[in-house]
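Trainee: My structure is stored as entry-v7.pdb, with PDB, C-alpha atoms and all ligand atoms.
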ATOM      1  CA  MET A1431      17.444   9.038 -13.094
ATOM      2  CA  ASP A1432      16.015   5.847 -14.622
ATOM      3  CA  ILE A1433      12.571   5.204 -13.206
ATOM      4  CA  ALA A1434      11.698   2.059 -15.168
ATOM      5  CA  PRO A1435      10.690  -0.854 -12.925
ATOM      6  CA  ARG A1436      13.234  -3.610 -12.792
ATOM      7  CA  ALA A1437      13.651  -6.207 -10.089
ATOM      8  CA  ARG A1438      10.138  -7.631  -9.629
ATOM      9  CA  ALA A1439       7.849  -5.867 -12.077
ATOM     10  CA  ASP A1440       8.892  -8.069 -14.988
ATOM     11  CA  GLN A1441       7.951 -11.189 -13.029
ATOM     12  CA  TYR A1442       4.202 -10.720 -13.109
ATOM     13  CA  GLU A1443       1.429  -9.688 -15.455
ATOM     14  CA  LEU A1444      -1.224  -7.018 -14.980
ATOM     15  CA  ILE A1445      -4.234  -9.223 -15.678
ATOM     16  CA  GLY A1446      -6.727  -8.381 -12.930
ATOM     17  CA  PRO A1447      -7.103  -7.590  -9.227
ATOM     18  CA  GLU A1448      -6.196 -11.178  -8.441
ATOM     19  CA  SER A1449      -2.807 -10.788 -10.187
ATOM     20  CA  CYS A1450       0.036 -10.992  -7.707
ATOM     21  CA  VAL A1451       3.579  -9.794  -7.158
ATOM     22  CA  PRO A1452       6.001 -12.217  -5.494
ATOM     23  CA  LEU A1453       7.417 -10.957  -2.208
ATOM     24  CA  LEU A1454      11.051 -11.374  -1.240
ATOM     25  CA  SER A1455      10.128 -13.991   1.342
ATOM     26  CA  GLY A1456       8.111 -16.144  -1.061
ATOM     27  CA  PRO A1457       4.363 -15.543  -0.709
ATOM     28  CA  ASP A1458       2.514 -13.570  -3.362
ATOM     29  CA  MET A1459       0.755 -10.269  -2.748
ATOM     30  CA  PRO A1460      -2.095  -8.887  -4.896
ATOM     31  CA  LEU A1461      -1.260  -5.885  -7.071
ATOM     32  CA  LEU A1462      -4.086  -3.683  -5.874
ATOM     33  CA  GLY A1463      -5.809  -3.257  -2.523
ATOM     34  CA  LEU A1464      -8.512  -1.277  -0.763
ATOM     35  CA  GLY A1465      -7.494   1.396   1.757
ATOM     36  CA  THR A1466      -9.753   1.724   4.789
ATOM     37  CA  TRP A1467      -8.565   4.804   6.647
ATOM     38  CA  GLN A1468     -11.612   6.846   7.754
ATOM     39  CA  LEU A1469     -14.221   4.287   6.691
ATOM     40  CA  LYS A1470     -15.154   3.928  10.391
ATOM     41  CA  HIS A1471     -18.843   3.109  10.885
ATOM     42  CA  GLN A1472     -19.311   2.314   7.193
ATOM     43  CA  THR A1473     -16.632  -0.335   7.263
ATOM     44  CA  VAL A1474     -18.740  -3.508   7.164
ATOM     45  CA  GLU A1475     -20.898  -2.303   4.303
ATOM     46  CA  SER A1476     -18.033  -0.794   2.354
ATOM     47  CA  VAL A1477     -15.647  -3.732   2.700
ATOM     48  CA  SER A1478     -18.436  -6.211   1.945
ATOM     49  CA  GLN A1479     -19.230  -4.450  -1.324
ATOM     50  CA  ALA A1480     -15.499  -4.298  -2.153
ATOM     51  CA  LEU A1481     -15.056  -8.041  -1.585
ATOM     52  CA  GLU A1482     -18.078  -8.669  -3.773
ATOM     53  CA  ALA A1483     -16.631  -6.409  -6.474
ATOM     54  CA  GLY A1484     -13.441  -8.501  -6.521
ATOM     55  CA  TYR A1485     -10.912  -6.860  -4.207
ATOM     56  CA  CYS A1486      -8.413  -9.380  -2.849
ATOM     57  CA  MET A1487      -6.404  -7.145  -0.525
ATOM     58  CA  ILE A1488      -7.455  -4.857   2.339
ATOM     59  CA  ASP A1489      -5.213  -2.383   4.168
ATOM     60  CA  THR A1490      -5.916  -1.398   7.757
ATOM     61  CA  SER A1491      -4.153  -0.408  10.972
ATOM     62  CA  GLY A1492      -4.696  -0.568  14.699
ATOM     63  CA  ASP A1493      -5.489   3.160  14.694
ATOM     64  CA  TYR A1494      -8.006   3.159  11.793
ATOM     65  CA  HIS A1495     -10.789   1.622  13.916
ATOM     66  CA  THR A1496     -11.839  -0.482  10.944
ATOM     67  CA  GLN A1497     -10.492  -3.866  12.032
ATOM     68  CA  ARG A1498     -13.682  -5.170  13.685
ATOM     69  CA  GLY A1499     -15.702  -4.246  10.597
ATOM     70  CA  ILE A1500     -13.178  -5.781   8.211
ATOM     71  CA  GLY A1501     -13.180  -9.067  10.138
ATOM     72  CA  GLU A1502     -16.962  -9.071  10.157
ATOM     73  CA  ALA A1503     -17.182  -8.343   6.422
ATOM     74  CA  LEU A1504     -14.618 -11.044   5.685
ATOM     75  CA  ARG A1505     -16.528 -13.690   7.619
ATOM     76  CA  ALA A1506     -19.871 -12.608   6.134
ATOM     77  CA  SER A1507     -18.455 -12.812   2.590
ATOM     78  CA  GLY A1508     -18.012 -16.567   2.839
ATOM     79  CA  ARG A1509     -14.714 -16.201   0.992
ATOM     80  CA  PRO A1510     -11.920 -18.476   2.214
ATOM     81  CA  ARG A1511      -9.472 -16.648   4.478
ATOM     82  CA  GLU A1512      -6.557 -17.458   2.168
ATOM     83  CA  SER A1513      -8.247 -15.667  -0.755
ATOM     84  CA  ILE A1514      -7.874 -12.281   0.992
ATOM     85  CA  PHE A1515      -4.543 -10.596   1.676
ATOM     86  CA  LEU A1516      -4.860  -8.568   4.863
ATOM     87  CA  ILE A1517      -2.408  -5.842   5.883
ATOM     88  CA  THR A1518      -2.316  -4.214   9.303
ATOM     89  CA  LYS A1519       0.098  -1.927  11.142
ATOM     90  CA  VAL A1520       1.468  -1.292  14.609
ATOM     91  CA  GLU A1521       2.327   2.145  15.952
ATOM     92  CA  GLU A1522       5.876   3.261  16.610
ATOM     93  CA  THR A1523       5.098   3.647  20.326
ATOM     94  CA  ASP A1524       3.597   0.150  20.653
ATOM     95  CA  ASP A1525       4.957  -3.101  21.984
ATOM     96  CA  ALA A1526       4.803  -4.506  18.463
ATOM     97  CA  TYR A1527       4.125  -8.143  19.395
ATOM     98  CA  GLU A1528       1.301  -7.224  21.796
ATOM     99  CA  ALA A1529      -0.142  -4.713  19.315
ATOM    100  CA  LEU A1530      -0.200  -7.401  16.635
ATOM    101  CA  ARG A1531      -2.089  -9.707  18.995
ATOM    102  CA  THR A1532      -4.545  -6.910  19.797
ATOM    103  CA  ASN A1533      -5.077  -6.275  16.078
ATOM    104  CA  LEU A1534      -5.781  -9.958  15.499
ATOM    105  CA  ALA A1535      -8.220  -9.999  18.412
ATOM    106  CA  GLU A1536     -10.092  -7.049  16.861
ATOM    107  CA  LEU A1537     -10.116  -8.687  13.458
ATOM    108  CA  ARG A1538     -11.029 -12.014  15.074
ATOM    109  CA  LEU A1539      -8.535 -13.706  12.767
ATOM    110  CA  GLU A1540      -5.653 -16.075  13.411
ATOM    111  CA  TYR A1541      -3.140 -14.336  11.183
ATOM    112  CA  VAL A1542      -2.574 -11.333   8.934
ATOM    113  CA  ASP A1543      -0.669 -11.611   5.672
ATOM    114  CA  LEU A1544       1.460  -8.557   6.311
ATOM    115  CA  VAL A1545       2.125  -6.363   9.325
ATOM    116  CA  LEU A1546       3.999  -3.074   9.049
ATOM    117  CA  ILE A1547       5.675  -0.635  11.423
ATOM    118  CA  HIS A1548       3.390   2.340  10.700
ATOM    119  CA  ARG A1549       6.172   4.909  10.807
ATOM    120  CA  PRO A1550       9.747   5.075  12.085
ATOM    121  CA  PRO A1551      10.022   5.972  15.777
ATOM    122  CA  GLU A1552      11.454   9.316  16.871
ATOM    123  CA  ARG A1553      14.693   7.656  17.941
ATOM    124  CA  GLY A1554      16.396   4.781  16.198
ATOM    125  CA  VAL A1555      14.813   2.907  13.328
ATOM    126  CA  GLY A1556      12.549   0.504  15.209
ATOM    127  CA  GLU A1557      14.787  -2.534  15.829
ATOM    128  CA  LYS A1558      12.768  -3.434  18.926
ATOM    129  CA  LEU A1559       9.512  -3.109  17.012
ATOM    130  CA  TRP A1560      11.030  -5.279  14.314
ATOM    131  CA  GLN A1561      11.964  -7.984  16.834
ATOM    132  CA  GLY A1562       8.362  -7.960  18.075
ATOM    133  CA  LEU A1563       7.048  -8.402  14.555
ATOM    134  CA  ARG A1564       9.590 -11.152  13.878
ATOM    135  CA  ARG A1565       8.317 -13.004  16.917
ATOM    136  CA  GLY A1566       4.792 -12.615  15.552
ATOM    137  CA  LYS A1567       5.925 -14.054  12.238
ATOM    138  CA  ARG A1568       7.696 -16.985  13.918
ATOM    139  CA  GLU A1569       4.508 -17.784  15.806
ATOM    140  CA  GLY A1570       2.412 -17.648  12.639
ATOM    141  CA  LEU A1571       0.535 -14.453  13.571
ATOM    142  CA  ALA A1572       1.802 -12.686  10.437
ATOM    143  CA  ARG A1573       3.049 -14.196   7.205
ATOM    144  CA  ASP A1574       5.283 -11.241   6.396
ATOM    145  CA  ILE A1575       6.644  -8.069   7.946
ATOM    146  CA  GLY A1576       7.552  -4.680   6.551
ATOM    147  CA  VAL A1577       7.684  -0.951   7.162
ATOM    148  CA  SER A1578       5.824   2.212   6.259
ATOM    149  CA  ASN A1579       7.017   5.786   5.781
ATOM    150  CA  TYR A1580      10.696   4.775   6.001
ATOM    151  CA  SER A1581      13.394   6.654   4.096
ATOM    152  CA  ILE A1582      16.146   4.782   2.253
ATOM    153  CA  GLU A1583      18.585   5.599   5.032
ATOM    154  CA  GLN A1584      16.206   4.297   7.691
ATOM    155  CA  ILE A1585      15.711   1.028   5.799
ATOM    156  CA  GLU A1586      19.474   0.637   5.392
ATOM    157  CA  GLU A1587      19.970   1.205   9.115
ATOM    158  CA  LEU A1588      17.225  -1.271   9.984
ATOM    159  CA  VAL A1589      18.807  -3.889   7.737
ATOM    160  CA  TYR A1590      22.226  -3.187   9.233
ATOM    161  CA  ARG A1591      20.860  -3.681  12.744
ATOM    162  CA  THR A1592      18.589  -6.669  12.119
ATOM    163  CA  GLY A1593      20.121  -8.395   9.095
ATOM    164  CA  GLU A1594      16.735  -8.582   7.422
ATOM    165  CA  LEU A1595      15.072  -6.627   4.619
ATOM    166  CA  PRO A1596      11.441  -5.518   4.957
ATOM    167  CA  VAL A1597       9.373  -6.986   2.104
ATOM    168  CA  VAL A1598       7.316  -3.795   1.732
ATOM    169  CA  ASN A1599       7.688  -0.051   2.308
ATOM    170  CA  GLN A1600       4.235   1.595   2.316
ATOM    171  CA  ILE A1601       4.600   5.275   1.405
ATOM    172  CA  GLU A1602       2.673   8.160  -0.115
ATOM    173  CA  TRP A1603       3.146   7.869  -3.862
ATOM    174  CA  THR A1604       1.600   9.708  -6.815
ATOM    175  CA  PRO A1605       2.876  11.387  -9.977
ATOM    176  CA  PHE A1606       2.682  14.660  -7.988
ATOM    177  CA  GLY A1607       4.772  13.305  -5.127
ATOM    178  CA  HIS A1608       7.235  10.434  -5.451
ATOM    179  CA  SER A1609      10.931   9.638  -5.462
ATOM    180  CA  PRO A1610      12.783   7.978  -8.373
ATOM    181  CA  ARG A1611      15.639   7.283  -5.944
ATOM    182  CA  MET A1612      13.316   5.352  -3.627
ATOM    183  CA  LEU A1613      11.894   3.399  -6.580
ATOM    184  CA  ASP A1614      15.375   2.404  -7.722
ATOM    185  CA  PHE A1615      16.418   1.446  -4.192
ATOM    186  CA  CYS A1616      13.328  -0.702  -3.617
ATOM    187  CA  HIS A1617      13.553  -2.405  -6.989
ATOM    188  CA  ASP A1618      17.252  -3.120  -6.476
ATOM    189  CA  ASN A1619      16.504  -4.692  -3.091
ATOM    190  CA  ASP A1620      13.290  -6.513  -4.044
ATOM    191  CA  ILE A1621      11.249  -4.389  -1.653
ATOM    192  CA  VAL A1622       7.738  -3.737  -2.957
ATOM    193  CA  ILE A1623       6.478  -0.168  -2.648
ATOM    194  CA  GLN A1624       2.845   0.096  -1.600
ATOM    195  CA  SER A1625       1.323   3.442  -2.447
ATOM    196  CA  TRP A1626      -0.827   5.186   0.140
ATOM    197  CA  SER A1627      -3.096   8.107  -0.801
ATOM    198  CA  PRO A1628      -2.577   7.050  -4.450
ATOM    199  CA  LEU A1629      -5.506   9.307  -5.409
ATOM    200  CA  THR A1630      -4.040  12.322  -3.567
ATOM    201  CA  ARG A1631      -7.040  12.027  -1.213
ATOM    202  CA  GLY A1632      -8.988  13.534  -4.103
ATOM    203  CA  THR A1633      -7.069  16.833  -3.954
ATOM    204  CA  ARG A1634      -5.438  16.685  -7.409
ATOM    205  CA  LEU A1635      -7.964  14.696  -9.442
ATOM    206  CA  ASN A1636      -8.942  17.926 -11.231
ATOM    207  CA  ASP A1637      -5.390  18.754 -12.249
ATOM    208  CA  ASP A1638      -5.590  19.988 -15.861
ATOM    209  CA  LYS A1639      -2.775  17.840 -17.274
ATOM    210  CA  LEU A1640      -3.919  14.708 -15.472
ATOM    211  CA  ALA A1641      -7.555  15.229 -16.469
ATOM    212  CA  ALA A1642      -6.644  15.892 -20.113
ATOM    213  CA  MET A1643      -4.526  12.760 -20.324
ATOM    214  CA  ALA A1644      -7.208  10.658 -18.625
ATOM    215  CA  ALA A1645      -9.780  11.949 -21.129
ATOM    216  CA  ARG A1646      -7.501  10.910 -24.002
ATOM    217  CA  TYR A1647      -7.536   7.342 -22.677
ATOM    218  CA  GLY A1648     -11.284   7.529 -22.009
ATOM    219  CA  ARG A1649     -10.549   6.928 -18.306
ATOM    220  CA  THR A1650     -11.060   8.802 -15.067
ATOM    221  CA  PRO A1651      -8.116  10.616 -13.431
ATOM    222  CA  ALA A1652      -8.336   8.097 -10.576
ATOM    223  CA  GLN A1653      -7.945   5.176 -12.994
ATOM    224  CA  LEU A1654      -4.938   6.846 -14.608
ATOM    225  CA  LEU A1655      -3.251   7.349 -11.229
ATOM    226  CA  ILE A1656      -3.818   3.717 -10.267
ATOM    227  CA  ARG A1657      -2.593   2.415 -13.619
ATOM    228  CA  TRP A1658       0.528   4.624 -13.395
ATOM    229  CA  ASN A1659       1.402   2.887 -10.126
ATOM    230  CA  LEU A1660       0.791  -0.575 -11.535
ATOM    231  CA  GLN A1661       3.022   0.035 -14.558
ATOM    232  CA  LEU A1662       5.809   1.248 -12.263
ATOM    233  CA  GLY A1663       5.615  -1.954 -10.236
ATOM    234  CA  VAL A1664       4.088  -0.062  -7.293
ATOM    235  CA  VAL A1665       1.084  -1.541  -5.460
ATOM    236  CA  PRO A1666      -1.695   1.044  -4.955
ATOM    237  CA  LEU A1667      -4.140   1.043  -2.034
ATOM    238  CA  PRO A1668      -6.907   3.462  -3.085
ATOM    239  CA  LYS A1669      -9.562   4.052  -0.449
ATOM    240  CA  ALA A1670     -13.101   4.232  -1.759
ATOM    241  CA  ASN A1671     -16.264   4.214   0.227
ATOM    242  CA  HIS A1672     -18.617   4.519  -2.722
ATOM    243  CA  ALA A1673     -19.363   1.381  -4.714
ATOM    244  CA  SER A1674     -18.988   3.284  -7.993
ATOM    245  CA  HIS A1675     -15.495   4.455  -6.967
ATOM    246  CA  GLN A1676     -14.530   0.943  -5.874
ATOM    247  CA  ARG A1677     -15.573  -0.453  -9.249
ATOM    248  CA  ASP A1678     -13.856   2.394 -11.128
ATOM    249  CA  ASN A1679     -10.606   1.711  -9.311
ATOM    250  CA  LEU A1680     -10.655  -1.993 -10.187
ATOM    251  CA  HIS A1681     -11.156  -1.393 -13.907
ATOM    252  CA  VAL A1682      -7.567  -0.556 -14.681
ATOM    253  CA  PHE A1683      -6.400  -3.812 -16.229
ATOM    254  CA  ASP A1684      -7.737  -3.309 -19.755
ATOM    255  CA  PHE A1685      -5.688  -0.342 -20.931
ATOM    256  CA  GLU A1686      -2.052   0.666 -20.983
ATOM    257  CA  ILE A1687      -0.394   4.047 -20.511
ATOM    258  CA  SER A1688       2.229   4.633 -23.216
ATOM    259  CA  GLN A1689       5.852   5.027 -22.157
ATOM    260  CA  LEU A1690       5.695   8.629 -23.351
ATOM    261  CA  ASP A1691       2.722   9.384 -21.116
ATOM    262  CA  MET A1692       4.329   7.514 -18.189
ATOM    263  CA  ALA A1693       7.259   9.903 -18.583
ATOM    264  CA  LYS A1694       4.929  12.913 -18.840
ATOM    265  CA  LEU A1695       3.203  11.913 -15.610
ATOM    266  CA  ARG A1696       6.607  11.637 -13.966
ATOM    267  CA  THR A1697       7.284  15.298 -14.796
ATOM    268  CA  LEU A1698       4.359  16.316 -12.566
ATOM    269  CA  ASN A1699       6.511  15.472  -9.540
ATOM    270  CA  GLU A1700       6.725  18.368  -7.102
ATOM    271  CA  HIS A1701       7.079  16.246  -3.943
ATOM    272  CA  TYR A1702       3.426  16.979  -3.253
ATOM    273  CA  SER A1703       1.842  15.392  -0.204
ATOM    274  CA  ALA A1704      -1.896  15.348   0.481
ATOM    275  CA  LEU A1705      -1.025  15.333   4.181
ATOM    276  CA  GLY A1706       1.540  18.133   4.148
ATOM    277  CA  GLN A1707       4.931  16.492   3.683
ATOM    278  CA  LEU A1708       6.355  13.468   1.903
ATOM    279  CA  GLN A1709       7.784  11.647   4.866
ATOM    280  CA  TYR A1710      10.441   9.549   3.182
ATOM    281  CA  VAL A1711      12.398  12.082   1.112
TER     282      VAL A1711
HETATM  283  N1  LIG B   1       0.860   3.982   5.991
HETATM  284  C1  LIG B   1       0.391   5.195   6.163
HETATM  285  O1  LIG B   1       0.979   6.035   6.883
HETATM  286  C2  LIG B   1      -0.875   5.592   5.460
HETATM  287  C3  LIG B   1      -1.253   6.945   5.440
HETATM  288  C4  LIG B   1      -2.422   7.282   4.756
HETATM  289  C5  LIG B   1      -3.166   6.306   4.118
HETATM  290  N2  LIG B   1      -2.785   4.993   4.172
HETATM  291  C6  LIG B   1      -3.569   3.924   3.500
HETATM  292  O2  LIG B   1      -3.767   4.272   2.140
HETATM  293  C7  LIG B   1      -5.160   4.293   1.863
HETATM  294  C8  LIG B   1      -5.499   5.265   0.761
HETATM  295  O3  LIG B   1      -5.153   6.587   1.100
HETATM  296  P1  LIG B   1      -6.228   7.707   1.495
HETATM  297  O4  LIG B   1      -7.418   7.065   2.092
HETATM  298  O5  LIG B   1      -5.471   8.695   2.305
HETATM  299  O6  LIG B   1      -6.588   8.458   0.139
HETATM  300  P2  LIG B   1      -6.819   8.089  -1.415
HETATM  301  O7  LIG B   1      -7.004   6.646  -1.602
HETATM  302  O8  LIG B   1      -5.743   8.796  -2.171
HETATM  303  O9  LIG B   1      -8.163   8.897  -1.698
HETATM  304  C9  LIG B   1      -9.384   8.557  -1.119
HETATM  305  C10 LIG B   1     -10.407   9.573  -1.606
HETATM  306  O10 LIG B   1     -10.572   9.452  -3.025
HETATM  307  C11 LIG B   1     -11.939   9.248  -3.325
HETATM  308  N3  LIG B   1     -12.030   8.326  -4.479
HETATM  309  C12 LIG B   1     -11.797   7.012  -4.491
HETATM  310  N4  LIG B   1     -11.943   6.499  -5.722
HETATM  311  C13 LIG B   1     -12.308   7.537  -6.521
HETATM  312  C14 LIG B   1     -12.631   7.643  -7.886
HETATM  313  N5  LIG B   1     -12.575   6.569  -8.696
HETATM  314  N6  LIG B   1     -12.959   8.862  -8.389
HETATM  315  C15 LIG B   1     -13.001   9.953  -7.576
HETATM  316  N7  LIG B   1     -12.701   9.914  -6.259
HETATM  317  C16 LIG B   1     -12.356   8.708  -5.731
HETATM  318  C17 LIG B   1     -12.545   8.619  -2.089
HETATM  319  O11 LIG B   1     -13.935   8.892  -2.061
HETATM  320  P3  LIG B   1     -15.011   7.884  -1.360
HETATM  321  O12 LIG B   1     -14.346   7.263  -0.190
HETATM  322  O13 LIG B   1     -16.117   8.818  -1.008
HETATM  323  O14 LIG B   1     -15.445   6.860  -2.376
HETATM  324  C18 LIG B   1     -11.774   9.348  -0.990
HETATM  325  O15 LIG B   1     -12.337  10.616  -0.749
HETATM  326  C19 LIG B   1      -5.777   4.634   3.223
HETATM  327  O16 LIG B   1      -7.170   4.414   3.257
HETATM  328  C20 LIG B   1      -4.960   3.756   4.103
HETATM  329  O17 LIG B   1      -5.400   2.401   4.013
HETATM  330  C21 LIG B   1      -1.632   4.628   4.829
END
Take the structure in the file and give it back as structure tokens.
Ligand SMILES: NC(=O)c1ccc[n+]([C@@H]2O[C@H](COP(=O)([O-])OP(=O)(O)OC[C@H]3O[C@@H](n4cnc5c(N)ncnc54)[C@H](OP(=O)(O)O)[C@@H]3O)[C@@H](O)[C@H]2O)c1
Mentor:
Amino acid sequence: MDIAPRARADQYELIGPESCVPLLSGPDMPLLGLGTWQLKHQTVESVSQALEAGYCMIDTSGDYHTQRGIGEALRASGRPRESIFLITKVEETDDAYEALRTNLAELRLEYVDLVLIHRPPERGVGEKLWQGLRRGKREGLARDIGVSNYSIEQIEELVYRTGELPVVNQIEWTPFGHSPRMLDFCHDNDIVIQSWSPLTRGTRLNDDKLAAMAARYGRTPAQLLIRWNLQLGVVPLPKANHASHQRDNLHVFDFEISQLDMAKLRTLNEHYSALGQLQYV
């Protein structure tokens, strides 16, 4: 199956962390963000150092317990609100509209740039959640809405029931675990894939083939994984607490993986998940 990026990836350049991909609905989204799952008490310090290092996008969720710290770090940074793209999520069991308001209250912000349904509910595909998020968007509480951990079939069903495409599907995505079919589907429908656990939560950074290829480029395995996403047109959200890791993960805009090596990385696919199971295949 052809895995080359098509629909949106040719519409932007990989210049730096401030480079953006256009979303289906119009606004631009940065190409690289900071994940914040399990930062917890270190959130203010960690996000502050990330903003200083140049990150323009932060990913959080109501259940990460990082929202208060992110809001605090954002205000302390002195950076204008519109210079940071903020993503949050609501749970599948939530009243989505109320959960969005709660998230904003924790962040102490007037709007988020993107709010996602964290995962599909046990029954149905989340039409009610979607309506709640749509209301939030209409009222200016979120600039865009999308999904996370949805399969192709679940997205199709959601579109059938609501008449609207999500702008983003946030899913686990690495050379060791990904889906060419999902990439094709998202590119064909102008849905941007955001990659969670893009560094395999550290579990595969010592993989022999990955490490050898990274060494050939004079890069770390983490940088190679991030760059692989970027060249596919996938938006990675690496989490890094340490300042050195945060800096490492931003320095991915001054080298290019050859098409041959992109293909070699693709052959590492074994549907690996750092959390046990790829949820969308
Ligand atoms: N939508 C969803 O269902 C979902 C699920 C999971 C995650 N997410 C999002 O995706 C984000 C990223 O995923 P993740 O946190 O699971 O894992 P990840 O980003 O794949 O890996 C994070 C781990 O890699 C380490 N690391 C970071 N940069 C490194 C580098 N340059 N070299 C070596 N190690 C490095 C980090 O260490 P330090 O922290 O010690 O620096 C941390 O232990 C989450 O934080 C969250 O925002 C979303």
Trainee: Could you pull out the residues sitting within 6 Å of ligand LIG 1 (chain B), using all atoms listed in the file, and write them as number ranges by chain?
Mentor: A: 1465-1467, 1489-1490, 1548, 1578, 1600, 1626-1632, 1652, 1667-1672, 1675, 1678-1679
Trainee: Please determine, counting all atoms listed in the file, which residue among A:Asp1618, A:Glu1587, A:Asp1458, A:Asp1574 has the shortest atom-to-atom distance to Val1542 (chain A).
Mentor: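 Distance minimum relative to Val1542 (chain A) lands on A:Asp1574.
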Trainee: Evaluated on this file, the PyMOL selection byres (((chain A and resi 1512) around 12) and not hetatm) picks out some residues - which ones are they, written as a list in words?
Mentor: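 Selected by the PyMOL selection byres (((chain A and resi 1512) around 12) and not hetatm) here: Pro1457, Asp1458, Met1459, Pro1460, Cys1486, Met1487, Leu1504, Arg1505, Gly1508, Arg1509, Pro1510, Arg1511, Ser1513, Ile1514, Phe1515, Leu1516, Leu1539, Glu1540, Tyr1541, Val1542, Asp1543 and Arg1573 of chain A.
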Trainee: Can you work out the spacing between CA of Gln1584 (chain A) and CA of Val1555 (chain A) in Å, to one decimal?
Mentor: 6.0 Å
Trainee: For the atom pair CA of Ala1673 (chain A) and CA of Leu1655 (chain A), what is the interatomic distance in Å to one decimal place?
Mentor: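 Separation between CA of Ala1673 (chain A) and CA of Leu1655 (chain A): 18.4 Å.
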Trainee: Exactly which residues make up the result of the PyMOL selection byres (((chain A and resi 1638-1649) around 9) and not hetatm) on this file, given as a VMD selection string?
Mentor: chain A and resid 1634 to 1637 1650 to 1655 1682 1685 to 1687 1691 1695 1698
Trainee: Could you tell me how far CA of Pro1610 (chain A) sits from CA of Asp1493 (chain A), in Å to one decimal place?
Mentor: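 Result for CA of Asp1493 (chain A) versus CA of Pro1610 (chain A): 29.8 Å, one decimal.
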Trainee: Select, from A:Glu1448, A:Asp1620, A:Glu1583, A:Glu1521, the residue with the minimum atom-to-atom distance to Gly1562 (chain A), counting only C-alpha atoms.
Mentor: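 Closest to Gly1562 (chain A), using only C-alpha atoms: A:Glu1521.
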Trainee: Which is closer to Thr1496 (chain A) than all the others in A:Val1477, A:Val1520, A:Val1664, A:Val1545, using only C-alpha atoms?
Mentor: A:Val1477
Trainee: Padding 3 Å on each side, edges along x, y and z: where is the centre of the box around the listed atoms of region 1465-1475 of chain A, and how long are its edges in Å to one decimal? Output it as JSON.
Mentor:
{"center_x": -14.2, "center_y": 1.7, "center_z": 6.3, "size_x": 19.4, "size_y": 16.4, "size_z": 15.1}
Trainee: Take the PyMOL selection byres (((chain A and resi 1498) around 12) and not hetatm), apply it to the structure above, and return the hits as a ChimeraX atom specification.
Mentor: /A:1466,1469-1474,1477,1490-1497,1499-1505,1532-1539
Trainee: Hey, which of A:Phe1683, A:Trp1560, A:Tyr1580, A:Tyr1527 ends up closest to Ile1621 (chain A)? Count all atoms listed in the file.
Mentor: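 Closest candidate: A:Tyr1580.
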Trainee: Between A:Leu1544, A:Cys1450, A:Ile1623, A:Ala1529, which has the minimum distance to Ser1609 (chain A) (counting only C-alpha atoms)?
Mentor: A:Ile1623
Trainee: Pick from A:Asn1619, A:Asn1659, A:Thr1518, A:Gln1707: nearest to Val1597 (chain A), with only C-alpha atoms counted?
Mentor: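 Distance minimum relative to Val1597 (chain A) lands on A:Asn1619.
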Trainee: Tell me, as a ChimeraX atom specification, which residues lie within 8 Å of Pro1596 (chain A), counting all atoms listed in the file; anything in the same chain fewer than 4 positions away does not count.
Mentor: /A:1575-1577,1585,1621
Trainee: Mind checking which residues fall within 8 Å of Pro1666 (chain A), counting all atoms listed in the file, ignoring those fewer than 4 positions away in the same chain, and posting them as a PyMOL selection string?
Mentor: chain A and resi 1461-1463+1624-1626+1628+1656+1659-1660
